[in-house]
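Enquirer: Input final01.pdb, format and content: PDB, C-alpha atoms.
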```pdb
ATOM      1  CA  MET X 235     -14.644 -59.253 -15.320  1.00  0.00           C
ATOM      2  CA  GLN X 236     -16.804 -59.810 -12.247  1.00  0.00           C
ATOM      3  CA  LYS X 237     -19.374 -57.097 -11.522  1.00  0.00           C
ATOM      4  CA  HIS X 238     -18.203 -56.680  -7.950  1.00  0.00           C
ATOM      5  CA  LEU X 239     -14.559 -55.871  -7.291  1.00  0.00           C
ATOM      6  CA  PHE X 240     -13.200 -55.385  -3.773  1.00  0.00           C
ATOM      7  CA  LEU X 241      -9.704 -54.203  -2.950  1.00  0.00           C
ATOM      8  CA  THR X 242      -8.260 -55.282   0.357  1.00  0.00           C
ATOM      9  CA  GLY X 243      -4.906 -54.953   2.027  1.00  0.00           C
ATOM     10  CA  PRO X 244      -3.266 -53.479   5.086  1.00  0.00           C
ATOM     11  CA  SER X 245      -4.325 -50.073   6.323  1.00  0.00           C
ATOM     12  CA  GLY X 246      -2.436 -47.346   4.494  1.00  0.00           C
ATOM     13  CA  CYS X 247      -1.519 -49.407   1.405  1.00  0.00           C
ATOM     14  CA  GLY X 248      -3.420 -47.031  -0.907  1.00  0.00           C
ATOM     15  CA  LYS X 249      -6.720 -48.796  -1.577  1.00  0.00           C
ATOM     16  CA  SER X 250      -8.921 -45.697  -1.429  1.00  0.00           C
ATOM     17  CA  GLU X 251      -6.360 -43.604  -3.275  1.00  0.00           C
ATOM     18  CA  ALA X 252      -6.192 -46.177  -6.090  1.00  0.00           C
ATOM     19  CA  VAL X 253      -9.979 -46.222  -6.432  1.00  0.00           C
ATOM     20  CA  ARG X 254     -10.228 -42.431  -6.503  1.00  0.00           C
ATOM     21  CA  ARG X 255      -7.315 -41.982  -8.902  1.00  0.00           C
ATOM     22  CA  THR X 256      -8.537 -44.664 -11.316  1.00  0.00           C
ATOM     23  CA  LEU X 257     -12.189 -43.577 -11.355  1.00  0.00           C
ATOM     24  CA  GLY X 258     -11.422 -39.849 -11.404  1.00  0.00           C
ATOM     25  CA  PRO X 259     -14.394 -37.801 -12.647  1.00  0.00           C
ATOM     26  CA  ALA X 260     -16.544 -40.946 -12.910  1.00  0.00           C
ATOM     27  CA  LEU X 261     -16.953 -40.702  -9.123  1.00  0.00           C
ATOM     28  CA  LEU X 262     -19.433 -37.874  -9.718  1.00  0.00           C
ATOM     29  CA  GLY X 263     -21.855 -40.351 -11.299  1.00  0.00           C
ATOM     30  CA  ALA X 264     -21.494 -43.142  -8.729  1.00  0.00           C
ATOM     31  CA  GLY X 265     -23.733 -44.189  -5.880  1.00  0.00           C
ATOM     32  CA  GLY X 266     -22.599 -45.450  -2.513  1.00  0.00           C
ATOM     33  CA  PHE X 267     -20.226 -43.826  -0.079  1.00  0.00           C
ATOM     34  CA  VAL X 268     -16.619 -43.088   0.715  1.00  0.00           C
ATOM     35  CA  THR X 269     -14.845 -42.615   3.988  1.00  0.00           C
ATOM     36  CA  SER X 270     -12.283 -39.986   4.766  1.00  0.00           C
ATOM     37  CA  GLN X 271      -9.724 -39.934   7.533  1.00  0.00           C
ATOM     38  CA  GLU X 272      -8.408 -36.989   9.507  1.00  0.00           C
ATOM     39  CA  ARG X 273      -4.851 -37.528  10.707  1.00  0.00           C
ATOM     40  CA  ASP X 274      -2.569 -35.562  13.002  1.00  0.00           C
ATOM     41  CA  ARG X 275       0.848 -34.185  11.984  1.00  0.00           C
ATOM     42  CA  ASP X 276       2.450 -37.553  12.694  1.00  0.00           C
ATOM     43  CA  GLY X 277      -0.040 -39.393  10.480  1.00  0.00           C
ATOM     44  CA  LYS X 278      -1.961 -40.942  13.381  1.00  0.00           C
ATOM     45  CA  LEU X 279      -5.668 -41.447  12.673  1.00  0.00           C
ATOM     46  CA  GLN X 280      -7.849 -38.975  14.584  1.00  0.00           C
ATOM     47  CA  ARG X 281     -11.334 -39.312  13.035  1.00  0.00           C
ATOM     48  CA  SER X 282     -13.128 -41.207  10.273  1.00  0.00           C
ATOM     49  CA  LEU X 283     -15.920 -39.544   8.299  1.00  0.00           C
ATOM     50  CA  LEU X 284     -18.642 -40.755   5.917  1.00  0.00           C
ATOM     51  CA  LEU X 285     -19.514 -38.964   2.643  1.00  0.00           C
ATOM     52  CA  PRO X 286     -21.450 -39.712  -0.554  1.00  0.00           C
ATOM     53  CA  THR X 287     -19.199 -40.998  -3.354  1.00  0.00           C
ATOM     54  CA  ALA X 288     -19.681 -37.816  -5.394  1.00  0.00           C
ATOM     55  CA  ALA X 289     -17.803 -35.887  -2.694  1.00  0.00           C
ATOM     56  CA  ALA X 290     -14.658 -37.873  -3.580  1.00  0.00           C
ATOM     57  CA  GLY X 291     -15.160 -36.802  -7.189  1.00  0.00           C
ATOM     58  CA  GLY X 292     -15.070 -33.146  -6.257  1.00  0.00           C
ATOM     59  CA  ALA X 293     -18.765 -32.347  -5.760  1.00  0.00           C
ATOM     60  CA  GLU X 294     -19.235 -29.749  -3.048  1.00  0.00           C
ATOM     61  CA  GLY X 295     -21.909 -29.152  -0.457  1.00  0.00           C
ATOM     62  CA  PHE X 296     -21.797 -32.472   1.338  1.00  0.00           C
ATOM     63  CA  GLU X 297     -21.397 -32.654   5.089  1.00  0.00           C
ATOM     64  CA  ALA X 298     -18.769 -35.123   6.271  1.00  0.00           C
ATOM     65  CA  LEU X 299     -20.280 -37.141   9.111  1.00  0.00           C
ATOM     66  CA  PRO X 300     -17.835 -38.359  11.776  1.00  0.00           C
ATOM     67  CA  TYR X 301     -18.464 -41.948  12.809  1.00  0.00           C
ATOM     68  CA  LEU X 302     -15.228 -42.799  14.612  1.00  0.00           C
ATOM     69  CA  ASP X 303     -13.272 -40.538  16.963  1.00  0.00           C
ATOM     70  CA  LEU X 304      -9.907 -41.634  18.329  1.00  0.00           C
ATOM     71  CA  ARG X 305      -8.835 -38.286  19.783  1.00  0.00           C
ATOM     72  CA  GLY X 306      -9.917 -38.892  23.377  1.00  0.00           C
ATOM     73  CA  MET X 307      -8.702 -41.256  26.062  1.00  0.00           C
ATOM     74  CA  ALA X 308     -11.215 -43.856  24.896  1.00  0.00           C
ATOM     75  CA  PRO X 309     -12.247 -44.204  21.245  1.00  0.00           C
ATOM     76  CA  THR X 310     -15.879 -43.454  20.437  1.00  0.00           C
ATOM     77  CA  HIS X 311     -18.119 -44.379  17.531  1.00  0.00           C
ATOM     78  CA  ASP X 312     -21.460 -43.080  16.303  1.00  0.00           C
ATOM     79  CA  ASN X 313     -23.670 -45.915  15.056  1.00  0.00           C
ATOM     80  CA  GLU X 314     -26.346 -43.444  13.938  1.00  0.00           C
ATOM     81  CA  VAL X 315     -24.185 -42.306  11.014  1.00  0.00           C
ATOM     82  CA  PHE X 316     -24.417 -45.770   9.447  1.00  0.00           C
ATOM     83  CA  ARG X 317     -27.934 -46.482  10.736  1.00  0.00           C
ATOM     84  CA  ARG X 318     -29.275 -43.393   8.982  1.00  0.00           C
ATOM     85  CA  GLU X 319     -26.906 -41.935   6.380  1.00  0.00           C
ATOM     86  CA  GLY X 320     -25.140 -45.200   5.506  1.00  0.00           C
ATOM     87  CA  VAL X 321     -28.445 -46.987   4.927  1.00  0.00           C
ATOM     88  CA  ARG X 322     -29.797 -44.056   2.887  1.00  0.00           C
ATOM     89  CA  LEU X 323     -26.701 -43.975   0.673  1.00  0.00           C
ATOM     90  CA  LEU X 324     -26.918 -47.732   0.065  1.00  0.00           C
ATOM     91  CA  GLN X 325     -30.623 -47.530  -0.783  1.00  0.00           C
ATOM     92  CA  GLU X 326     -30.108 -44.592  -3.149  1.00  0.00           C
ATOM     93  CA  ALA X 327     -27.174 -46.367  -4.818  1.00  0.00           C
ATOM     94  CA  ALA X 328     -29.615 -48.444  -6.862  1.00  0.00           C
ATOM     95  CA  TRP X 329     -30.374 -45.344  -8.966  1.00  0.00           C
ATOM     96  CA  TYR X 330     -26.788 -45.015 -10.215  1.00  0.00           C
ATOM     97  CA  PRO X 331     -25.008 -46.959 -12.996  1.00  0.00           C
ATOM     98  CA  PHE X 332     -22.466 -48.262 -10.463  1.00  0.00           C
ATOM     99  CA  SER X 333     -21.573 -47.790  -6.813  1.00  0.00           C
ATOM    100  CA  VAL X 334     -18.483 -47.393  -4.678  1.00  0.00           C
ATOM    101  CA  LEU X 335     -18.340 -48.811  -1.146  1.00  0.00           C
ATOM    102  CA  ASP X 336     -15.211 -47.381   0.451  1.00  0.00           C
ATOM    103  CA  ALA X 337     -14.841 -48.969   2.967  1.00  0.00           C
ATOM    104  CA  ILE X 338     -16.826 -51.837   4.455  1.00  0.00           C
ATOM    105  CA  GLY X 339     -16.079 -54.686   6.796  1.00  0.00           C
ATOM    106  CA  GLY X 340     -15.728 -52.949  10.172  1.00  0.00           C
ATOM    107  CA  PHE X 341     -17.885 -51.959  13.109  1.00  0.00           C
ATOM    108  CA  GLU X 342     -20.734 -50.776  10.829  1.00  0.00           C
ATOM    109  CA  LEU X 343     -21.625 -54.467  10.509  1.00  0.00           C
ATOM    110  CA  LEU X 344     -22.919 -54.300  14.080  1.00  0.00           C
ATOM    111  CA  ILE X 345     -25.907 -52.272  12.845  1.00  0.00           C
ATOM    112  CA  PRO X 346     -28.753 -54.532  11.621  1.00  0.00           C
ATOM    113  CA  GLN X 347     -30.266 -51.879   9.332  1.00  0.00           C
ATOM    114  CA  PHE X 348     -26.922 -51.304   7.635  1.00  0.00           C
ATOM    115  CA  ARG X 349     -26.272 -55.059   7.256  1.00  0.00           C
ATOM    116  CA  ALA X 350     -29.688 -55.488   5.618  1.00  0.00           C
ATOM    117  CA  ALA X 351     -29.121 -52.583   3.200  1.00  0.00           C
ATOM    118  CA  LEU X 352     -25.631 -53.877   2.424  1.00  0.00           C
ATOM    119  CA  ALA X 353     -26.982 -57.378   1.731  1.00  0.00           C
ATOM    120  CA  ASP X 354     -29.508 -55.888  -0.713  1.00  0.00           C
ATOM    121  CA  THR X 355     -26.756 -53.905  -2.444  1.00  0.00           C
ATOM    122  CA  LEU X 356     -24.426 -56.903  -2.670  1.00  0.00           C
ATOM    123  CA  SER X 357     -27.153 -59.120  -4.117  1.00  0.00           C
ATOM    124  CA  SER X 358     -28.114 -56.586  -6.797  1.00  0.00           C
ATOM    125  CA  GLU X 359     -27.017 -56.701 -10.417  1.00  0.00           C
ATOM    126  CA  GLN X 360     -25.410 -53.273 -10.080  1.00  0.00           C
ATOM    127  CA  PRO X 361     -21.625 -53.148 -10.570  1.00  0.00           C
ATOM    128  CA  LEU X 362     -19.843 -52.427  -7.287  1.00  0.00           C
ATOM    129  CA  LEU X 363     -16.328 -51.285  -6.556  1.00  0.00           C
ATOM    130  CA  GLY X 364     -15.345 -51.531  -2.929  1.00  0.00           C
ATOM    131  CA  VAL X 365     -12.636 -51.304  -0.355  1.00  0.00           C
ATOM    132  CA  LEU X 366     -12.805 -54.157   2.114  1.00  0.00           C
ATOM    133  CA  MET X 367     -11.086 -53.959   5.483  1.00  0.00           C
ATOM    134  CA  GLN X 368      -8.861 -56.913   6.227  1.00  0.00           C
ATOM    135  CA  GLN X 369     -10.476 -59.240   8.743  1.00  0.00           C
ATOM    136  CA  ASN X 370      -7.670 -59.038  11.291  1.00  0.00           C
ATOM    137  CA  GLU X 371      -7.534 -55.212  11.215  1.00  0.00           C
ATOM    138  CA  ALA X 372     -11.317 -54.887  11.416  1.00  0.00           C
ATOM    139  CA  ALA X 373     -11.479 -57.333  14.330  1.00  0.00           C
ATOM    140  CA  ALA X 374      -8.690 -55.470  16.151  1.00  0.00           C
ATOM    141  CA  LEU X 375     -10.540 -52.157  15.707  1.00  0.00           C
ATOM    142  CA  CYS X 376     -13.764 -53.685  17.023  1.00  0.00           C
ATOM    143  CA  ARG X 377     -11.942 -55.053  20.071  1.00  0.00           C
ATOM    144  CA  ARG X 378     -10.409 -51.618  20.654  1.00  0.00           C
ATOM    145  CA  LEU X 379     -13.913 -50.152  20.578  1.00  0.00           C
ATOM    146  CA  GLY X 380     -15.136 -52.844  22.984  1.00  0.00           C
ATOM    147  CA  LEU X 381     -17.691 -54.244  20.545  1.00  0.00           C
ATOM    148  CA  GLY X 382     -17.170 -57.923  21.263  1.00  0.00           C
ATOM    149  CA  GLU X 383     -17.312 -61.127  19.295  1.00  0.00           C
ATOM    150  CA  ARG X 384     -20.648 -60.500  17.608  1.00  0.00           C
ATOM    151  CA  VAL X 385     -19.111 -57.930  15.257  1.00  0.00           C
ATOM    152  CA  GLU X 386     -16.189 -60.255  14.516  1.00  0.00           C
ATOM    153  CA  ALA X 387     -18.717 -62.935  13.523  1.00  0.00           C
ATOM    154  CA  ASN X 388     -20.441 -60.442  11.197  1.00  0.00           C
ATOM    155  CA  ILE X 389     -17.088 -59.530   9.636  1.00  0.00           C
ATOM    156  CA  ALA X 390     -16.258 -63.205   9.045  1.00  0.00           C
ATOM    157  CA  GLN X 391     -19.728 -63.757   7.552  1.00  0.00           C
ATOM    158  CA  LEU X 392     -19.299 -60.842   5.126  1.00  0.00           C
ATOM    159  CA  TRP X 393     -15.991 -62.260   3.910  1.00  0.00           C
ATOM    160  CA  LYS X 394     -17.551 -65.712   3.535  1.00  0.00           C
ATOM    161  CA  VAL X 395     -20.442 -64.329   1.457  1.00  0.00           C
ATOM    162  CA  LEU X 396     -18.150 -62.280  -0.779  1.00  0.00           C
ATOM    163  CA  GLN X 397     -15.680 -65.128  -1.318  1.00  0.00           C
ATOM    164  CA  ALA X 398     -18.512 -67.503  -2.275  1.00  0.00           C
ATOM    165  CA  ASP X 399     -20.117 -65.113  -4.777  1.00  0.00           C
ATOM    166  CA  ARG X 400     -19.093 -65.893  -8.363  1.00  0.00           C
ATOM    167  CA  ASP X 401     -19.818 -62.256  -9.361  1.00  0.00           C
ATOM    168  CA  THR X 402     -17.287 -60.961  -6.799  1.00  0.00           C
ATOM    169  CA  LEU X 403     -13.519 -60.696  -7.053  1.00  0.00           C
ATOM    170  CA  ILE X 404     -11.442 -59.761  -3.998  1.00  0.00           C
ATOM    171  CA  VAL X 405      -7.861 -58.712  -4.724  1.00  0.00           C
ATOM    172  CA  GLU X 406      -5.167 -57.630  -2.336  1.00  0.00           C
ATOM    173  CA  LEU X 407      -3.500 -54.312  -3.082  1.00  0.00           C
ATOM    174  CA  ALA X 408      -0.209 -55.060  -1.372  1.00  0.00           C
ATOM    175  CA  GLY X 409       3.133 -56.692  -1.997  1.00  0.00           C
ATOM    176  CA  LEU X 410       3.320 -59.111  -4.892  1.00  0.00           C
ATOM    177  CA  HIS X 411      -0.412 -58.754  -5.574  1.00  0.00           C
ATOM    178  CA  ARG X 412      -0.358 -54.976  -6.090  1.00  0.00           C
ATOM    179  CA  ARG X 413       0.143 -55.051  -9.857  1.00  0.00           C
ATOM    180  CA  ARG X 414      -2.633 -57.623 -10.322  1.00  0.00           C
ATOM    181  CA  ALA X 415      -4.999 -55.541  -8.175  1.00  0.00           C
ATOM    182  CA  LEU X 416      -4.302 -52.355 -10.126  1.00  0.00           C
ATOM    183  CA  ARG X 417      -4.882 -54.179 -13.435  1.00  0.00           C
ATOM    184  CA  ALA X 418      -8.193 -55.545 -12.113  1.00  0.00           C
ATOM    185  CA  LEU X 419      -9.191 -52.051 -10.986  1.00  0.00           C
ATOM    186  CA  GLU X 420      -8.410 -50.579 -14.421  1.00  0.00           C
ATOM    187  CA  GLN X 421     -10.261 -53.388 -16.189  1.00  0.00           C
ATOM    188  CA  TRP X 422     -13.313 -53.017 -13.925  1.00  0.00           C
ATOM    189  CA  THR X 423     -13.326 -49.249 -14.501  1.00  0.00           C
ATOM    190  CA  GLU X 424     -13.158 -49.650 -18.285  1.00  0.00           C
ATOM    191  CA  GLU X 425     -15.976 -52.161 -18.287  1.00  0.00           C
ATOM    192  CA  TYR X 426     -18.384 -50.665 -15.765  1.00  0.00           C
ATOM    193  CA  ALA X 427     -17.553 -46.996 -15.107  1.00  0.00           C
ATOM    194  CA  ARG X 428     -16.887 -45.445 -18.520  1.00  0.00           C
TER
END
```
As a first step, turn the structure in this file into structure tokens.
Expert:
Amino acid sequence: MQKHLFLTGPSGCGKSEAVRRTLGPALLGAGGFVTSQERDRDGKLQRSLLLPTAAAGGAEGFEALPYLDLRGMAPTHDNEVFRREGVRLLQEAAWYPFSVLDAIGGFELLIPQFRAALADTLSSEQPLLGVLMQQNEAAALCRRLGLGERVEANIAQLWKVLQADRDTLIVELAGLHRRRALRALEQWTEEYAR
């Protein structure tokens, strides 16, 4: 099994839920970060927040940092969350037996400091389990935020690097591929997170 496993698929297909359910208490001993979404009564995304991975495992005392706010007339984003906290969480991830990156592949790739820390993490020998935004959804979000083509180029470059890495497996958690993705997730967990 490759050391780096990334789940991808359409928004709402259960990628983060599958990671959290499969890892369970092992999340408490993982580096990296998770994202959380606040939704309204109709299920429409309102805000996205960044947290250390241990928070998804049930550890308390962590402040959720909002980095995307879709509640107003125009969506807003806070680059400082990834420039500071995102970079710190990636740098500290090296001290853990494995890391979770849930999710990458969006507007955070605009931030040079985050891209550099992510490149270091991806090139390490540490096992990684991640959620990877689909290119078309990430590009659409970046256009909605008015971020331009530069971010889309960074997204495409991330996918190219991951697809070329022999230690990385990207599986889609949707449709006919769902069962294969869940098996890969269970196998990765048994090998690297137990």
Enquirer: So, with only C-alpha atoms as the atoms that count, which of X:Met235, X:Leu299, X:Ala353, X:Val253 lies closest to X:Val365?
Expert: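 Answer, going by the shortest atom-to-atom distance: X:Val253.
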Enquirer: The PyMOL selection byres ((chain X and resi 352) around 10) - which residues does that actually catch in the file I just gave you? List them as a VMD selection string.
Expert: chain X and resid 320 to 321 324 to 325 335 338 343 346 to 351 353 to 358 392
Enquirer: Using only C-alpha atoms, which residue out of X:Ile404, X:Glu359, X:Glu294, X:Glu386 lies closest to X:Leu416?
Expert: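 The answer is X:Ile404, which sits nearest to X:Leu416.
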Enquirer: Between X:Phe341, X:Phe240, X:Trp422, X:Trp329, which residue has the minimum interatomic distance to X:Leu403, considering only C-alpha atoms?
Expert: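 The answer is X:Phe240, which sits nearest to X:Leu403.
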Enquirer: Of the candidates X:Gln271, X:Gln236, X:Thr242, X:Ser282, which shows the shortest atom-to-atom distance to X:Gly409, using all atoms listed in the file?
Expert: X:Thr242
Enquirer: Which one is closest to X:Leu241: X:Ala337, X:Leu344, X:Leu379, X:Ala290? Count all atoms listed in the file.
Expert: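 Checking each of X:Ala337, X:Leu344, X:Leu379, X:Ala290 against X:Leu241, counting all atoms listed in the file, the winner is X:Ala337.
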Enquirer: On this file, the PyMOL selection byres ((chain X and resi 302) around 10) gives some set of residues; write that set as a list in words.
Expert: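 When the PyMOL selection byres ((chain X and resi 302) around 10) is applied, the selected residues are Gln271, Leu279, Gln280, Arg281, Ser282, Leu283, Leu284, Leu299, Pro300, Tyr301, Asp303, Leu304, Arg305, Pro309, Thr310, His311, Asp312, Asn313, Val315, Phe341 and Leu379 of chain X.
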Enquirer: Write to file, as a compact mmCIF listing (two decimals), in the frame of the given file, the residues of the selection just made, with C-alpha atoms.
Expert:
```
# COMPACT_ATOMS: atom_id res chain seq x y z
CA GLN X 271 -9.72 -39.93 7.53
CA LEU X 279 -5.67 -41.45 12.67
CA GLN X 280 -7.85 -38.98 14.58
CA ARG X 281 -11.33 -39.31 13.04
CA SER X 282 -13.13 -41.21 10.27
CA LEU X 283 -15.92 -39.54 8.30
CA LEU X 284 -18.64 -40.76 5.92
CA LEU X 299 -20.28 -37.14 9.11
CA PRO X 300 -17.84 -38.36 11.78
CA TYR X 301 -18.46 -41.95 12.81
CA ASP X 303 -13.27 -40.54 16.96
CA LEU X 304 -9.91 -41.63 18.33
CA ARG X 305 -8.84 -38.29 19.78
CA PRO X 309 -12.25 -44.20 21.24
CA THR X 310 -15.88 -43.45 20.44
CA HIS X 311 -18.12 -44.38 17.53
CA ASP X 312 -21.46 -43.08 16.30
CA ASN X 313 -23.67 -45.92 15.06
CA VAL X 315 -24.18 -42.31 11.01
CA PHE X 341 -17.89 -51.96 13.11
CA LEU X 379 -13.91 -50.15 20.58
```
Enquirer: X:Glu371, X:Asp276, X:Glu383, X:Glu319: which is nearest X:Phe296, counting only C-alpha atoms?
Expert: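 Using only C-alpha atoms, the shortest distance to X:Phe296 belongs to X:Glu319.
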Enquirer: In Å, rounded to a single decimal, give me how far atom CA of X:Met367 is from atom CA of X:Thr423.
Expert: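 Between these atoms lies a distance of 20.7 Å.
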